[in-house]
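Take a look at the structure below.
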Amino acid sequence: MKQTLTTLYRQTGSSYRKRVQGMGTFGILLAFVVICLALALSTPRFMTVSNLTIIVTQVSINALLAFGVTFVIITGGIDLSLGSMVAVTGVVAALFAHPDTYPLIVPLMMALGAGFLMGGFNGLVITRSKVPPFIVTLGTMTIGRGLALILSKGRPVSNLSDTFNFIGGGQVFGVPFPIIILIVVFVLCSLLLRKTIWGRYMYAVGGNEQAARASGIPIAKIKMLVYILSGLLAALAGIVLTSRITTGQPNAGQGFELDAIAAAIIGGTSTSGGSGTMTGTLIGALLIGVISNGLDLLNVTSYYQQVVMGVIIIGAVVLDGLNRKK
Amino acid sequence: MTSSKPILQITHLSKSFGGIKALDDVQLTLHRGEVLALMGENGAGKSTLMKILMGLEKADAGEILFEGEPLKNRDVKDTLKKGISMIHQELLVVPELSVADNIFLGRETTRWLPGWINNEDIYQKTETLLGTLGVAIDPRMKMKYLSVAEMQMVEIAKAISNNARIIIMDEPTSALSDKEVASLFRMIKDLKTQGVAIIYISHKMEEIAQIADTITVLRDGQYIATKPAAELDRNALITLMVGRQIDLLFPVAIGKQEEVLLSVRHLTQPGKFSDVSFDLHAGEVLGLAGLMGAGRTEVARAIFGLDPLAGGEVFVKGLPVTIRSPQDAIRYGIGYVSEDRKALGCIPGMSVQHTLTLASLKHYAQWGFIEARSEEGAAELMVSELRIKTASLQQGVMQLIGGNQQKVVIGKVLLARPDIIILDEPTRGIDIGAKHEIYKLIRQLTERGIAVLMISSELPEITGLCDRVLVLSQGRQTALLDRSEATQEKIMAHAVHQQR
């Protein structure tokens, strides 16, 4: 033991073993597959390339927001300002995206900058004051809606350049561009959460903030980081949405935050913090998309769709709770 | 004063938690109108005994006779109904409700409609009740506007209104001024004349001498003695509480080296501790002894940056430093193992590996990306070094039992490679075998020149392991003893030292 302690104090590391990980999302994946099979059997229009492409494209905006809010919920917080940030950043992007004005990079950077600032504002108020994230982001939600109306003077901002409109409507080798964005962002977010120290710190902060602090983890920085990430991903969603509907809509994105939070929760992210995965959230978002698409195909009215969605959200959390008890 | 037939008779009571015997064949006898002081060090079994009496815990063996009838299979509500009440050290009140609502909580009288509270009736009853106790508090006042002493009076009134025959008071004076203590004692004397029996738990010797009729001493979960308070002087009582040394093998100390790694001067935190100064040498174990509430943990937390310091200086290796957060402390090479390993050491849902590496994660990362193999290597090293018994590195840390969980928390601190380690009650709640391994580990660390500051309420641990002992009493240091002079009796005497 003496010698090994010496080794420890000189350098640490060097042993090999693979680990098994990621069984937590198995249940939701199974549910997803079952529902897809059921829909495929009940309507032939479901399992077609064009329909599946439509689903994923429609899901992409919600998924981007859900990735952001997954970071936030893992640290034990919540972000209700997502929908408003989508509107603000969408309007900002549109204002700089008129044809023959600025190169494409300008509207993109302006929108991301706006998302960064709004997320940073959330993070700053939450870490500096002791006001709960629920209240702070509820305030930012209203502020953001107002800002979007001010910036757009209350009217939709239209006449956008073709290059800008490519982001939401274009295709690369037949794949809609939003799907490509979705995949790239998913991979980056997954890596950040699973492979970096910041991802690990997010779990620690949400799991037990006091213990995280005592382990020397910079709590405030991690919280700033997650709200900024949430803002940046909301900006990306705002860009994709504005580009797809070819207009900056100050009223866009209402209620988006709830769909995003629902995707994260269905995907197994615990609202009390400390657990959750990007894969789970992605499946959660896809599940929401598949169900509303499938119910459309089965000619179920949207009124019933809302009831079904609500039941699924509650069911997912109940199942999660039962699982935990075991 | 004491009638022949006891109101409460506890015999052969035993209780174990896991492998640890919290109570072993304990007895206690209480008569009507008697004030019995229950004494013992922290961990002697006083709280467990009271919890069993209140019906919060079940005894493994033994019998409790209340007025000649055995008490069995009951919960707290039954116990209260029978007439046994407890005033907890941390008062259990609902601050937003009125005094009367608090007293009659769960026993409200109703009128007109089911569930419709008859406020006039309970205000009336409360007024009468407080009047007989000689307490002038408005029954309509919200609880949160009362002082701690007044809240205590209300709690006592609540016990009386429950027709309490026995009232247990756990450290009732810990938050009271001298004047308030005097009025509490007056009330206790009144209760005695009404035949109410009182079990009084306190560390304060002066109070015991003033108020108690009889003293029962517990030590390490065992019944030691019951004597009339008049027969026991302070020293005799301390000897009974501390007892003979337990035969635990402590590794041989090699003693301190010259270099001072940590030195603090005049550390102060208002209301917690003041003017604490000491030097911590390389290779030494400095013990921090004192009673519960003496300010030991608070000093450790402040040094580690968990709580702010109001005054004083900290030097690490001779250089003045300002530590504002645990991050700063870790950067200066200080590690802290908390007394509360669940609240401050573990993160629910995290694996053994992730917990071990949490405080040193940067060592295994490049550009923020964790290198899985070096992280795993570090965790494996600690598991084998500290002989942590775990199914795998992926096992959840909350699933480990006491001793192993404590080793994981210590391992986490060690992986950050500190030069100075603060251990706060490192062996609390773990079995003898694991205790011994931790003692050996502490010695191995000091052999490497690491300085250890150890807080412990177990005196044999302090005298057996420490090179020097700093004793705190009520937030002030009352002694700094060398190994040769640090006997348990001496430490205890300094720990109960009263300041005026």
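Starting from 1 in every chain, residues are counted up; chains themselves are A, B, ... following the order of the structure tokens, and ligands are numbered from 1 as listed.
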Wanna dump the chain B-chain A contacts at 6 Å for me, each residue with its shortest atom pair and the distance in Å to one decimal, counting only C-alpha atoms, ordered by chain and number, as CSV?
```
residue,atom,partner,partner_atom,distance
B:Pro326,CA,A:Gly216,CA,4.9
B:Gln327,CA,A:Gly216,CA,4.0
B:Leu344,CA,A:Ala211,CA,3.9
B:Gly345,CA,A:Ala211,CA,5.1
B:Ile347,CA,A:Asn208,CA,5.2
B:Pro348,CA,A:Gly207,CA,5.8
B:Ala359,CA,A:Ser215,CA,4.8
B:Gly368,CA,A:Thr196,CA,5.1
B:Phe369,CA,A:Thr196,CA,4.2
B:Ile370,CA,A:Thr196,CA,5.2
B:Arg373,CA,A:Tyr16,CA,5.9
B:Ser374,CA,A:Gly13,CA,4.3
B:Gly377,CA,A:Gly13,CA,4.3
B:Ala378,CA,A:Gly13,CA,4.9
```
Let me see the file: selected residues, N, CA, C and O atoms, as a PDB file, in the first residue's frame.
```
ATOM      1  N   PRO B 326     -14.737  25.765  -1.957  1.00  0.00           N
ATOM      2  CA  PRO B 326     -14.013  24.495  -1.946  1.00  0.00           C
ATOM      3  C   PRO B 326     -13.041  24.394  -3.127  1.00  0.00           C
ATOM      4  O   PRO B 326     -11.982  23.772  -3.010  1.00  0.00           O
ATOM      5  N   GLN B 327     -13.413  25.027  -4.253  1.00  0.00           N
ATOM      6  CA  GLN B 327     -12.509  25.030  -5.410  1.00  0.00           C
ATOM      7  C   GLN B 327     -11.153  25.615  -5.036  1.00  0.00           C
ATOM      8  O   GLN B 327     -10.118  25.063  -5.378  1.00  0.00           O
ATOM      9  N   LEU B 344     -22.987  15.538   1.683  1.00  0.00           N
ATOM     10  CA  LEU B 344     -21.884  16.317   1.112  1.00  0.00           C
ATOM     11  C   LEU B 344     -20.880  15.477   0.343  1.00  0.00           C
ATOM     12  O   LEU B 344     -19.966  16.021  -0.266  1.00  0.00           O
ATOM     13  N   GLY B 345     -21.019  14.162   0.381  1.00  0.00           N
ATOM     14  CA  GLY B 345     -20.001  13.349  -0.265  1.00  0.00           C
ATOM     15  C   GLY B 345     -20.483  12.589  -1.484  1.00  0.00           C
ATOM     16  O   GLY B 345     -19.712  12.341  -2.398  1.00  0.00           O
ATOM     17  N   ILE B 347     -23.335  11.586  -4.651  1.00  0.00           N
ATOM     18  CA  ILE B 347     -24.360  12.084  -5.548  1.00  0.00           C
ATOM     19  C   ILE B 347     -25.241  10.914  -5.959  1.00  0.00           C
ATOM     20  O   ILE B 347     -24.753   9.953  -6.553  1.00  0.00           O
ATOM     21  N   PRO B 348     -26.523  10.970  -5.599  1.00  0.00           N
ATOM     22  CA  PRO B 348     -27.401   9.844  -5.898  1.00  0.00           C
ATOM     23  C   PRO B 348     -27.396   9.539  -7.388  1.00  0.00           C
ATOM     24  O   PRO B 348     -27.400  10.447  -8.212  1.00  0.00           O
ATOM     25  N   ALA B 359     -13.765  14.818  -7.884  1.00  0.00           N
ATOM     26  CA  ALA B 359     -13.008  15.995  -7.445  1.00  0.00           C
ATOM     27  C   ALA B 359     -11.695  16.156  -8.213  1.00  0.00           C
ATOM     28  O   ALA B 359     -10.998  17.158  -8.051  1.00  0.00           O
ATOM     29  N   GLY B 368     -11.110  19.079 -22.092  1.00  0.00           N
ATOM     30  CA  GLY B 368     -12.436  18.847 -21.537  1.00  0.00           C
ATOM     31  C   GLY B 368     -12.963  17.445 -21.768  1.00  0.00           C
ATOM     32  O   GLY B 368     -13.931  17.043 -21.154  1.00  0.00           O
ATOM     33  N   PHE B 369     -12.323  16.695 -22.674  1.00  0.00           N
ATOM     34  CA  PHE B 369     -12.802  15.332 -22.929  1.00  0.00           C
ATOM     35  C   PHE B 369     -12.139  14.358 -21.959  1.00  0.00           C
ATOM     36  O   PHE B 369     -10.921  14.313 -21.834  1.00  0.00           O
ATOM     37  N   ILE B 370     -12.985  13.575 -21.296  1.00  0.00           N
ATOM     38  CA  ILE B 370     -12.470  12.640 -20.302  1.00  0.00           C
ATOM     39  C   ILE B 370     -11.868  11.432 -21.013  1.00  0.00           C
ATOM     40  O   ILE B 370     -12.497  10.850 -21.897  1.00  0.00           O
ATOM     41  N   ARG B 373      -9.989   5.597 -20.114  1.00  0.00           N
ATOM     42  CA  ARG B 373      -9.075   4.631 -19.517  1.00  0.00           C
ATOM     43  C   ARG B 373      -8.347   5.195 -18.306  1.00  0.00           C
ATOM     44  O   ARG B 373      -8.144   4.503 -17.319  1.00  0.00           O
ATOM     45  N   SER B 374      -7.920   6.452 -18.374  1.00  0.00           N
ATOM     46  CA  SER B 374      -7.179   6.952 -17.223  1.00  0.00           C
ATOM     47  C   SER B 374      -8.130   7.221 -16.048  1.00  0.00           C
ATOM     48  O   SER B 374      -7.763   7.047 -14.891  1.00  0.00           O
ATOM     49  N   GLY B 377      -8.688   3.848 -14.584  1.00  0.00           N
ATOM     50  CA  GLY B 377      -7.468   3.414 -13.885  1.00  0.00           C
ATOM     51  C   GLY B 377      -7.387   4.019 -12.497  1.00  0.00           C
ATOM     52  O   GLY B 377      -7.066   3.331 -11.522  1.00  0.00           O
ATOM     53  N   ALA B 378      -7.684   5.310 -12.416  1.00  0.00           N
ATOM     54  CA  ALA B 378      -7.630   5.988 -11.122  1.00  0.00           C
ATOM     55  C   ALA B 378      -8.630   5.368 -10.162  1.00  0.00           C
ATOM     56  O   ALA B 378      -8.316   5.111  -8.994  1.00  0.00           O
TER      57      ALA B 378
END
```
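Atom pair atom CA of A:Gly123 / atom CA of A:Lys223: separated by 6.2 Å.
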Legend entry - Neighbour list for stretch 268-285 of chain B as number ranges by chain, cut-off 8 Å, only C-alpha atoms, skip fewer than 4 positions in-chain: B: 254-264, 294-295, 298-299, 308-312, 445-454, 465-468, 474-477
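Excluding stretch 117-129 of chain B and any residue on its chain fewer than 5 positions from it, the residues at most 7 Å away by only C-alpha atoms are Ala100, Glu108, Thr109, Thr110, Arg111, Pro139 and Ala157 of chain B.
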Legend entry - Contact residues around stretch 302-318 of chain A with only C-alpha atoms at 12 Å, ignoring same-chain residues under 3 positions, as a ChimeraX atom specification: /A:25,27-29,31-32,35,258-272,280,284-285,287-299,321-325
Inset, instruction - Once DSSP has gone over the backbone, tell me which residues of stretch 345-435 of chain B are in helix (DSSP H, G or I), as a PyMOL selection string. - result: chain B and resi 352-364+372-385+397-399+402-415+432-435
Selection to disk with N, CA and C atoms, as a short mmCIF file (atom, residue, chain, number, x, y, z; two decimals), in the first residue's frame:
```cif
data_model
loop_
_atom_site.label_atom_id
_atom_site.label_comp_id
_atom_site.auth_asym_id
_atom_site.auth_seq_id
_atom_site.Cartn_x
_atom_site.Cartn_y
_atom_site.Cartn_z
N VAL B 352 -19.73 4.26 -8.45
CA VAL B 352 -18.54 4.32 -7.61
C VAL B 352 -17.42 5.04 -8.37
N GLN B 353 -17.23 4.67 -9.63
CA GLN B 353 -16.15 5.27 -10.41
C GLN B 353 -16.33 6.79 -10.55
N HIS B 354 -17.53 7.20 -10.92
CA HIS B 354 -17.75 8.63 -11.14
C HIS B 354 -17.64 9.42 -9.85
N THR B 355 -18.03 8.82 -8.74
CA THR B 355 -17.89 9.50 -7.46
C THR B 355 -16.42 9.65 -7.10
N LEU B 356 -15.67 8.58 -7.28
CA LEU B 356 -14.24 8.61 -6.92
C LEU B 356 -13.51 9.70 -7.69
N THR B 357 -13.82 9.87 -8.96
CA THR B 357 -13.03 10.78 -9.78
C THR B 357 -13.59 12.20 -9.83
N LEU B 358 -14.70 12.41 -9.12
CA LEU B 358 -15.40 13.69 -9.29
C LEU B 358 -14.54 14.92 -8.95
N ALA B 359 -13.76 14.82 -7.88
CA ALA B 359 -13.01 16.00 -7.45
C ALA B 359 -11.70 16.16 -8.21
N SER B 360 -11.34 15.18 -9.03
CA SER B 360 -10.05 15.25 -9.72
C SER B 360 -10.22 15.02 -11.21
N LEU B 361 -11.42 15.24 -11.72
CA LEU B 361 -11.75 14.88 -13.09
C LEU B 361 -10.83 15.53 -14.11
N LYS B 362 -10.38 16.73 -13.78
CA LYS B 362 -9.52 17.45 -14.73
C LYS B 362 -8.23 16.70 -15.02
N HIS B 363 -7.76 15.90 -14.04
CA HIS B 363 -6.51 15.16 -14.25
C HIS B 363 -6.63 14.13 -15.36
N TYR B 364 -7.86 13.70 -15.65
CA TYR B 364 -8.02 12.63 -16.63
C TYR B 364 -8.59 13.16 -17.94
N ALA B 372 -11.40 7.89 -20.91
CA ALA B 372 -12.08 6.85 -20.15
C ALA B 372 -11.09 5.93 -19.44
N ARG B 373 -9.99 5.60 -20.11
CA ARG B 373 -9.08 4.63 -19.52
C ARG B 373 -8.35 5.20 -18.31
N SER B 374 -7.92 6.45 -18.37
CA SER B 374 -7.18 6.95 -17.22
C SER B 374 -8.13 7.22 -16.05
N GLU B 375 -9.37 7.59 -16.37
CA GLU B 375 -10.34 7.77 -15.28
C GLU B 375 -10.59 6.42 -14.59
N GLU B 376 -10.78 5.40 -15.41
CA GLU B 376 -11.06 4.09 -14.86
C GLU B 376 -9.87 3.57 -14.07
N GLY B 377 -8.69 3.85 -14.58
CA GLY B 377 -7.47 3.41 -13.88
C GLY B 377 -7.39 4.02 -12.50
N ALA B 378 -7.68 5.31 -12.42
CA ALA B 378 -7.63 5.99 -11.12
C ALA B 378 -8.63 5.37 -10.16
N ALA B 379 -9.84 5.11 -10.67
CA ALA B 379 -10.88 4.54 -9.82
C ALA B 379 -10.48 3.13 -9.35
N GLU B 380 -9.93 2.34 -10.28
CA GLU B 380 -9.52 0.98 -9.92
C GLU B 380 -8.42 0.98 -8.86
N LEU B 381 -7.51 1.92 -9.02
CA LEU B 381 -6.42 2.04 -8.07
C LEU B 381 -6.97 2.29 -6.66
N MET B 382 -7.90 3.21 -6.57
CA MET B 382 -8.46 3.55 -5.26
C MET B 382 -9.24 2.38 -4.67
N VAL B 383 -9.99 1.67 -5.54
CA VAL B 383 -10.77 0.54 -5.06
C VAL B 383 -9.85 -0.52 -4.46
N SER B 384 -8.71 -0.76 -5.10
CA SER B 384 -7.81 -1.79 -4.56
C SER B 384 -7.00 -1.25 -3.38
N GLU B 385 -6.59 0.01 -3.44
CA GLU B 385 -5.85 0.62 -2.34
C GLU B 385 -6.64 0.61 -1.04
N VAL B 397 -23.17 4.38 -5.98
CA VAL B 397 -22.48 4.65 -4.72
C VAL B 397 -23.46 4.62 -3.54
N MET B 398 -24.73 4.95 -3.79
CA MET B 398 -25.69 4.96 -2.69
C MET B 398 -26.02 3.54 -2.23
N GLN B 399 -25.72 2.54 -3.08
CA GLN B 399 -26.03 1.16 -2.70
C GLN B 399 -24.97 0.55 -1.77
N GLY B 402 -22.22 1.58 4.76
CA GLY B 402 -21.49 2.63 5.46
C GLY B 402 -19.99 2.71 5.24
N GLY B 403 -19.28 1.65 5.68
CA GLY B 403 -17.82 1.71 5.64
C GLY B 403 -17.28 1.85 4.22
N ASN B 404 -17.87 1.11 3.29
CA ASN B 404 -17.39 1.18 1.91
C ASN B 404 -17.71 2.52 1.27
N GLN B 405 -18.88 3.04 1.61
CA GLN B 405 -19.24 4.34 1.07
C GLN B 405 -18.28 5.41 1.60
N GLN B 406 -17.95 5.31 2.87
CA GLN B 406 -17.01 6.26 3.45
C GLN B 406 -15.66 6.17 2.76
N LYS B 407 -15.23 4.93 2.44
CA LYS B 407 -13.95 4.77 1.75
C LYS B 407 -14.00 5.42 0.37
N VAL B 408 -15.14 5.30 -0.31
CA VAL B 408 -15.26 5.93 -1.63
C VAL B 408 -15.10 7.45 -1.49
N VAL B 409 -15.75 8.01 -0.45
CA VAL B 409 -15.66 9.45 -0.26
C VAL B 409 -14.23 9.87 0.07
N ILE B 410 -13.56 9.08 0.91
CA ILE B 410 -12.16 9.37 1.21
C ILE B 410 -11.32 9.24 -0.06
N GLY B 411 -11.60 8.19 -0.83
CA GLY B 411 -10.86 7.98 -2.09
C GLY B 411 -11.02 9.16 -3.03
N LYS B 412 -12.21 9.71 -3.07
CA LYS B 412 -12.46 10.87 -3.93
C LYS B 412 -11.55 12.03 -3.53
N VAL B 413 -11.46 12.25 -2.22
CA VAL B 413 -10.62 13.34 -1.73
C VAL B 413 -9.15 13.05 -2.01
N LEU B 414 -8.73 11.78 -1.81
CA LEU B 414 -7.32 11.43 -2.01
C LEU B 414 -6.90 11.59 -3.47
N LEU B 415 -7.81 11.29 -4.39
CA LEU B 415 -7.45 11.38 -5.80
C LEU B 415 -7.15 12.82 -6.22
N ILE B 432 -16.37 -1.87 13.26
CA ILE B 432 -15.04 -1.83 13.86
C ILE B 432 -13.95 -2.16 12.84
N GLY B 433 -14.20 -3.17 12.00
CA GLY B 433 -13.18 -3.56 11.02
C GLY B 433 -12.83 -2.42 10.09
N ALA B 434 -13.86 -1.79 9.54
CA ALA B 434 -13.63 -0.68 8.63
C ALA B 434 -12.99 0.49 9.35
N LYS B 435 -13.37 0.67 10.61
CA LYS B 435 -12.75 1.72 11.42
C LYS B 435 -11.25 1.53 11.46
#
```
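Near B:Gly33, within a cut-off of 6 Å and counting only C-alpha atoms, sit the residues B:Lys192, B:Gly195, B:Val196, B:Ala197, with same-chain residues fewer than 3 positions away left out.
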Inset, instruction - May I have the residues within 6 Å of B:Ile421 as a PyMOL selection string, using only C-alpha atoms and disregarding those fewer than 2 positions away in the same chain? - result: chain B and resi 334-336+452
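The spacing separating atom CA of A:Val69 from atom CA of A:Ser230 amounts to 5.9 Å.
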